[in-house]
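**Student:** Sending over structure.txt (compact mmCIF, C-alpha atoms and all ligand atoms).
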# COMPACT_ATOMS: atom_id res chain seq x y z
CA MET A 117 -23.28 -136.00 124.47
CA SER A 118 -22.13 -136.37 128.09
CA ASP A 119 -18.81 -135.17 129.48
CA SER A 120 -17.51 -138.74 129.60
CA ASP A 121 -18.35 -139.17 125.88
CA THR A 122 -16.42 -136.02 125.09
CA THR A 123 -13.43 -137.21 127.05
CA GLU A 124 -13.49 -140.60 125.35
CA ALA A 125 -13.81 -139.01 121.91
CA GLU A 126 -10.91 -136.69 122.68
CA ALA A 127 -8.77 -139.58 123.91
CA THR A 128 -9.49 -141.58 120.72
CA ALA A 129 -8.61 -138.60 118.57
CA ALA A 130 -5.34 -138.05 120.45
CA GLN A 131 -4.31 -141.73 120.42
CA PRO A 132 -6.23 -143.49 117.65
CA LEU A 133 -4.12 -146.65 118.02
CA ALA A 134 -4.28 -146.96 121.82
CA GLY A 135 -4.19 -150.58 122.93
CA ARG A 136 -2.92 -151.85 119.56
CA ARG A 137 0.21 -154.00 119.22
CA ALA A 138 2.14 -153.14 116.08
CA LEU A 139 5.12 -154.78 114.42
CA VAL A 140 7.03 -152.72 111.86
CA THR A 141 9.56 -154.55 109.70
CA GLY A 142 12.77 -152.75 108.79
CA ALA A 143 11.96 -150.18 111.46
CA THR A 144 15.39 -148.72 112.13
CA SER A 145 15.59 -146.27 109.24
CA GLY A 146 13.63 -144.31 106.66
CA ILE A 147 9.91 -144.97 106.31
CA GLY A 148 9.98 -147.84 108.84
CA ARG A 149 11.48 -145.63 111.51
CA ALA A 150 8.93 -142.89 110.87
CA CYS A 151 6.14 -145.48 111.08
CA ALA A 152 7.43 -146.79 114.41
CA GLN A 153 7.57 -143.22 115.76
CA ARG A 154 4.09 -142.34 114.51
CA LEU A 155 2.39 -145.56 115.63
CA ALA A 156 3.93 -145.21 119.10
CA ALA A 157 2.82 -141.57 119.31
CA ASP A 158 -0.66 -142.68 118.26
CA GLY A 159 -0.78 -145.09 121.20
CA ALA A 160 0.33 -148.46 119.82
CA THR A 161 2.90 -150.67 121.49
CA VAL A 162 5.56 -151.06 118.81
CA VAL A 163 7.81 -153.99 117.97
CA VAL A 164 10.84 -152.58 116.17
CA ASN A 165 12.00 -155.30 113.77
CA HIS A 166 15.59 -155.05 112.61
CA ARG A 167 18.43 -157.02 111.04
CA GLU A 168 21.40 -158.11 113.18
CA HIS A 169 23.63 -155.30 111.92
CA SER A 170 21.10 -152.66 113.06
CA ALA A 171 20.78 -153.81 116.69
CA ASP A 172 22.23 -150.56 118.09
CA ASP A 173 19.90 -148.42 115.96
CA ALA A 174 16.95 -150.52 117.13
CA ASP A 175 17.89 -150.10 120.78
CA GLU A 176 18.28 -146.36 120.31
CA LEU A 177 14.86 -146.14 118.67
CA VAL A 178 13.22 -148.14 121.46
CA ALA A 179 14.79 -145.81 124.02
CA GLU A 180 13.59 -142.77 122.05
CA LEU A 181 10.02 -144.11 121.81
CA GLU A 182 9.93 -144.92 125.51
CA ALA A 183 11.37 -141.54 126.47
CA ALA A 184 8.49 -139.99 124.53
CA GLY A 185 6.02 -141.96 126.67
CA GLY A 186 5.48 -144.89 124.29
CA ARG A 187 5.99 -148.63 124.73
CA ALA A 188 8.37 -150.50 122.42
CA ILE A 189 10.64 -153.51 122.15
CA ALA A 190 13.21 -154.53 119.52
CA LEU A 191 13.19 -157.95 117.84
CA VAL A 192 15.73 -159.20 115.34
CA ALA A 193 14.76 -161.16 112.21
CA ASP A 194 15.63 -161.28 108.56
CA VAL A 195 12.09 -161.15 107.16
CA SER A 196 12.95 -163.64 104.42
CA ASP A 197 14.02 -166.30 106.95
CA GLU A 198 11.02 -168.46 107.82
CA ALA A 199 12.32 -169.74 111.16
CA ALA A 200 13.44 -166.27 112.26
CA VAL A 201 10.06 -164.76 111.38
CA ARG A 202 8.22 -167.47 113.29
CA LYS A 203 10.42 -166.90 116.33
CA MET A 204 9.88 -163.14 116.11
CA PHE A 205 6.08 -163.52 116.22
CA VAL A 206 6.28 -166.01 119.12
CA ASP A 207 8.58 -163.65 121.05
CA ALA A 208 6.37 -160.66 120.25
CA ALA A 209 3.25 -162.47 121.50
CA GLU A 210 5.06 -163.40 124.72
CA GLN A 211 6.43 -159.92 125.34
CA VAL A 212 3.68 -157.56 124.20
CA GLY A 213 0.72 -159.76 123.22
CA VAL A 214 -0.66 -160.90 119.86
CA ILE A 215 0.33 -158.54 117.06
CA ASP A 216 -2.81 -156.93 115.59
CA LEU A 217 -1.10 -154.42 113.31
CA LEU A 218 1.64 -155.50 110.93
CA VAL A 219 3.47 -153.00 108.74
CA ASN A 220 5.41 -154.82 106.03
CA ASN A 221 7.93 -152.09 105.34
CA ALA A 222 11.35 -153.77 104.97
CA GLY A 223 12.54 -153.36 101.42
CA VAL A 224 15.64 -153.11 99.26
CA GLU A 225 16.38 -151.82 95.77
CA GLU A 226 19.33 -151.81 93.42
CA GLN A 227 19.59 -150.45 89.89
CA VAL A 228 20.64 -153.08 87.37
CA GLU A 229 19.32 -153.74 83.90
CA LEU A 230 17.99 -157.13 82.85
CA MET A 231 20.98 -158.24 80.78
CA ASP A 232 23.41 -157.56 83.62
CA MET A 233 21.25 -158.89 86.46
CA SER A 234 22.49 -161.96 88.31
CA LEU A 235 20.11 -164.49 89.80
CA ASP A 236 21.43 -163.50 93.23
CA GLN A 237 20.51 -159.86 92.64
CA TRP A 238 17.02 -160.93 91.56
CA HIS A 239 16.58 -163.18 94.62
CA THR A 240 17.81 -160.59 97.11
CA VAL A 241 15.12 -158.10 96.10
CA ILE A 242 12.30 -160.63 95.74
CA GLU A 243 13.09 -162.33 99.04
CA THR A 244 13.12 -159.17 101.14
CA ASN A 245 10.34 -157.27 99.36
CA LEU A 246 7.90 -160.09 98.58
CA THR A 247 8.75 -163.29 100.46
CA GLY A 248 9.23 -161.22 103.64
CA PRO A 249 5.70 -159.78 103.57
CA PHE A 250 4.34 -163.27 102.78
CA LEU A 251 6.07 -164.84 105.80
CA CYS A 252 5.22 -161.98 108.17
CA SER A 253 1.60 -161.72 106.98
CA ARG A 254 1.15 -165.47 107.41
CA GLU A 255 2.41 -165.44 111.00
CA ALA A 256 0.45 -162.27 111.82
CA ALA A 257 -2.79 -163.64 110.37
CA ARG A 258 -2.35 -166.99 112.13
CA GLY A 259 -1.82 -165.19 115.44
CA MET A 260 -4.84 -162.91 115.03
CA VAL A 261 -7.18 -165.70 113.92
CA GLU A 262 -6.02 -168.06 116.66
CA ALA A 263 -6.51 -165.38 119.32
CA GLY A 264 -9.76 -164.19 117.75
CA VAL A 265 -8.57 -160.58 117.54
CA PRO A 266 -9.26 -158.28 114.59
CA GLY A 267 -6.29 -156.68 112.92
CA VAL A 268 -4.74 -154.84 110.01
CA ILE A 269 -1.85 -155.60 107.69
CA VAL A 270 -0.36 -152.58 105.92
CA ASN A 271 1.90 -153.39 102.99
CA ILE A 272 4.28 -150.63 101.96
CA THR A 273 4.35 -150.95 98.20
CA SER A 274 5.49 -148.07 96.00
CA VAL A 275 4.35 -146.03 93.03
CA HIS A 276 6.17 -148.90 91.31
CA GLU A 277 3.34 -151.27 92.19
CA ARG A 278 1.99 -149.55 89.07
CA ILE A 279 4.73 -147.62 87.23
CA PRO A 280 7.29 -149.66 85.26
CA TRP A 281 10.84 -148.48 86.10
CA PRO A 282 13.75 -149.33 83.77
CA GLY A 283 16.70 -150.77 85.69
CA PHE A 284 14.49 -152.04 88.48
CA SER A 285 12.63 -155.02 87.03
CA HIS A 286 13.13 -157.08 90.20
CA TYR A 287 11.92 -154.19 92.37
CA CYS A 288 8.85 -153.57 90.17
CA ALA A 289 8.09 -157.30 90.12
CA SER A 290 8.29 -157.36 93.91
CA LYS A 291 6.06 -154.31 94.37
CA GLY A 292 3.51 -155.27 91.71
CA GLY A 293 3.49 -158.76 93.22
CA LEU A 294 3.08 -157.36 96.73
CA LYS A 295 0.10 -155.30 95.62
CA LEU A 296 -1.74 -158.32 94.19
CA MET A 297 -0.72 -160.54 97.09
CA SER A 298 -2.06 -157.87 99.43
CA GLN A 299 -5.36 -157.56 97.55
CA THR A 300 -5.74 -161.34 97.48
CA LEU A 301 -5.11 -161.55 101.22
CA ALA A 302 -7.65 -158.77 101.69
CA ARG A 303 -10.24 -161.04 100.11
CA GLU A 304 -9.11 -164.15 101.99
CA LEU A 305 -9.07 -162.46 105.38
CA ALA A 306 -12.01 -160.05 105.07
CA THR A 307 -14.48 -162.22 106.96
CA LYS A 308 -11.91 -162.97 109.67
CA GLY A 309 -11.82 -159.37 110.83
CA ILE A 310 -8.48 -158.61 109.18
CA ARG A 311 -8.07 -155.70 106.77
CA VAL A 312 -5.13 -155.75 104.36
CA VAL A 313 -4.18 -152.49 102.66
CA GLN A 314 -1.37 -150.92 100.66
CA VAL A 315 0.38 -147.58 101.17
CA ALA A 316 2.37 -146.62 98.08
CA PRO A 317 5.11 -144.04 98.60
CA GLY A 318 6.57 -142.03 95.76
CA ALA A 319 10.00 -140.38 96.05
CA ILE A 320 10.71 -139.93 99.75
CA VAL A 321 13.80 -138.65 101.57
CA THR A 322 15.25 -141.89 103.00
CA PRO A 323 18.62 -143.68 103.00
CA ILE A 324 17.40 -145.91 100.12
CA ASN A 325 17.66 -143.03 97.64
CA LYS A 326 20.43 -141.06 99.32
CA ASP A 327 22.67 -141.29 96.24
CA VAL A 328 20.02 -139.83 93.93
CA LEU A 329 19.15 -137.04 96.35
CA GLU A 330 22.81 -136.08 96.74
CA ASP A 331 23.33 -135.84 92.97
CA GLU A 332 22.04 -132.45 91.78
CA GLU A 333 21.11 -133.60 88.28
CA LYS A 334 19.39 -136.82 89.35
CA HIS A 335 17.58 -134.94 92.12
CA ALA A 336 16.22 -132.43 89.61
CA GLU A 337 15.15 -135.23 87.23
CA LEU A 338 13.28 -136.91 90.07
CA ILE A 339 11.50 -133.71 91.13
CA ALA A 340 10.48 -133.15 87.52
CA GLN A 341 8.41 -136.34 87.76
CA VAL A 342 6.46 -135.13 90.78
CA PRO A 343 3.50 -132.79 90.14
CA MET A 344 3.91 -131.30 93.63
CA ALA A 345 7.56 -130.58 92.68
CA ARG A 346 9.10 -131.80 95.91
CA ILE A 347 10.38 -135.00 97.48
CA GLY A 348 8.19 -136.35 100.28
CA GLU A 349 9.18 -136.84 103.90
CA ALA A 350 8.95 -140.17 105.76
CA PRO A 351 6.45 -138.84 108.36
CA GLU A 352 4.03 -138.12 105.49
CA ILE A 353 4.01 -141.85 104.73
CA ALA A 354 3.71 -142.75 108.41
CA ALA A 355 0.62 -140.53 108.76
CA ALA A 356 -1.06 -142.46 105.94
CA VAL A 357 -0.08 -145.79 107.52
CA SER A 358 -1.51 -144.75 110.87
CA TRP A 359 -4.78 -143.66 109.28
CA MET A 360 -5.09 -146.84 107.22
CA ALA A 361 -4.44 -148.87 110.39
CA SER A 362 -6.94 -146.95 112.50
CA ASP A 363 -10.68 -147.46 112.89
CA GLN A 364 -11.14 -144.35 110.76
CA ALA A 365 -10.46 -146.68 107.83
CA SER A 366 -12.69 -149.48 109.16
CA TYR A 367 -14.39 -150.11 105.78
CA VAL A 368 -11.21 -149.93 103.69
CA THR A 369 -9.55 -153.14 102.55
CA GLY A 370 -7.47 -154.15 99.52
CA GLU A 371 -7.04 -150.49 98.59
CA THR A 372 -3.83 -148.63 97.76
CA LEU A 373 -3.33 -145.15 99.17
CA PHE A 374 -0.72 -143.41 96.99
CA VAL A 375 1.33 -140.88 98.96
CA ASP A 376 3.45 -139.52 96.16
CA GLY A 377 2.80 -135.82 95.48
CA GLY A 378 0.89 -136.95 92.39
CA MET A 379 3.79 -138.94 90.87
CA GLN A 380 1.62 -141.77 89.59
CA LEU A 381 -0.41 -139.18 87.67
CA TYR A 382 2.62 -138.06 85.69
CA PRO A 383 1.76 -138.19 81.99
CA GLY A 384 3.36 -141.11 80.23
CA VAL A 385 4.57 -143.04 83.25
CA THR A 386 1.69 -145.49 83.64
C1 LIG B 1 11.87 -145.95 95.40
C2 LIG B 1 12.60 -144.66 95.27
C3 LIG B 1 12.11 -143.90 94.05
C4 LIG B 1 10.61 -143.79 94.06
C5 LIG B 1 10.07 -143.11 92.81
C6 LIG B 1 10.38 -145.73 95.36
O1 LIG B 1 9.71 -146.94 95.44
O2 LIG B 1 12.22 -146.57 96.62
O3 LIG B 1 13.99 -144.89 95.17
O4 LIG B 1 12.66 -142.59 94.04
O5 LIG B 1 10.04 -145.07 94.16
O6 LIG B 1 10.61 -143.66 91.61
Show the structure stored in the file as C-alpha cells.
**Tutor:**
Amino acid sequence: MSDSDTTEAEATAAQPLAGRRALVTGATSGIGRACAQRLAADGATVVVNHREHSADDADELVAELEAAGGRAIALVADVSDEAAVRKMFVDAAEQVGVIDLLVNNAGVEEQVELMDMSLDQWHTVIETNLTGPFLCSREAARGMVEAGVPGVIVNITSVHERIPWPGFSHYCASKGGLKLMSQTLARELATKGIRVVQVAPGAIVTPINKDVLEDEEKHAELIAQVPMARIGEAPEIAAAVSWMASDQASYVTGETLFVDGGMQLYPGVT
C-alpha cells in the first residue's frame, strides 16, 4: 500500500459520503435533523426539506451545518404535494446537482382507535408517511436514472413496520406499507444502480413522542418494552442511515436495519 492509498483510505473513512448529494425530508427536527447533521459531517451536501411553518428552523440548521464545514441548502415542500415535490427536486438539481441519496424521514403519528378515527385522520398519516415517500422516491429515481448516477433511497420505517400497535392502525398501515413499497422498489431499481433500504427506529427521544417521555408512567411502560432498557437517541438512527447509504453497504438492498435496542424481539409483540 502506498502513502497515497493510505491517505485516500483515511479520507474515505473520515468522510464516507464525500461528493454525495442528499435530500432529507422532514429534516428540521428529531431523526431528520440528526440525519442531516450526520450526513453533512460524513461529507454529503445536504438538502434540508421542511414545511412552510419550519422555515426558520431550516435556515438555522443550514447555518449550523455550514458553520461546521458542511454544505447545505433548505427547500420547502409538503412531501404529499406532487407539484411541490417535483419543484423541490428540480430546484435541488439546479442548486446542488442530482440527488443521489434520499432519506424519506418525514412522518406523523396520532393515537386514535379505529371506531373514533375520522377519514381525515387516516388520510393525514397515510399521505405524509406513505404517499410522501412514493412521490419523493419517484422523483429521486427519475433524476438518478436520467443522469445515469447510482444512488440510494433510505426509508425510515419503524419497529411498527412489523409490530401491530393498538391505537395506531393508520401509522402501522403506513409503515408496513412503506416497508413493502421499499422492498418492491429495491427489486425494480436494483439493476439501475439504485439501492433501496429501510431503517426501522424503535422508541427514540424526539418531539414526536415528547408527551409519552414526559409522563413518568408511560415512559416506564415504554422502557419495559425495550430489552436494552433505555430510549434511543436520534444520532443512533442517523449513524445507521449513514452506513446504509455508504459504499460499506454496497451489496445491501431491500433490507431493514432495526435500530431499536431489541424492541422488535420483545416476547409477544410480533
Ligand atoms: C413511534 C414512537 C414509538 C415507537 C415504539 C415509533 O415508530 O414513532 O412514538 O415510541 O415507534 O413504539
**Student:** Smallest atom-to-atom distance to ligand LIG 1 (chain B): which of A:Glu226, A:Glu371, A:Asp363, A:Asp232, using all atoms listed in the file?
**Tutor:**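 Of all the options, A:Glu226 lies closest to ligand LIG 1 (chain B).
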**Student:** Mind listing the residues within 10 Å of ligand LIG 1 (chain B), all atoms listed in the file counted, as a PyMOL selection string?
**Tutor:** chain A and resi 223-227+272-277+279-281+284+287-288+291+316-329+335+338-339+341-342+347-348+376+379-380
**Student:** From the set A:Glu168, A:Gly186, A:Val162, A:Val315, which residue has the shortest atom-to-atom contact distance to A:Val212, counting only C-alpha atoms?
**Tutor:** A:Val162
**Student:** Closest to A:Trp359 among A:Arg303, A:Lys295, A:Arg154, A:Arg258, using all atoms listed in the file?
**Tutor:** A:Arg154
**Student:** Kindly give the distance, in Å, that separates atom CA of A:Gly370 and atom CA of A:Ala190, rounded to a single decimal.
**Tutor:**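 Calculated distance between atom CA of A:Gly370 and atom CA of A:Ala190 is 28.8 Å.
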**Student:** Grab the atom CA of A:Asp331 to atom CA of A:Cys151 distance for me, in Å with one decimal place.
**Tutor:**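 Distance reported for this atom pair: 26.8 Å.
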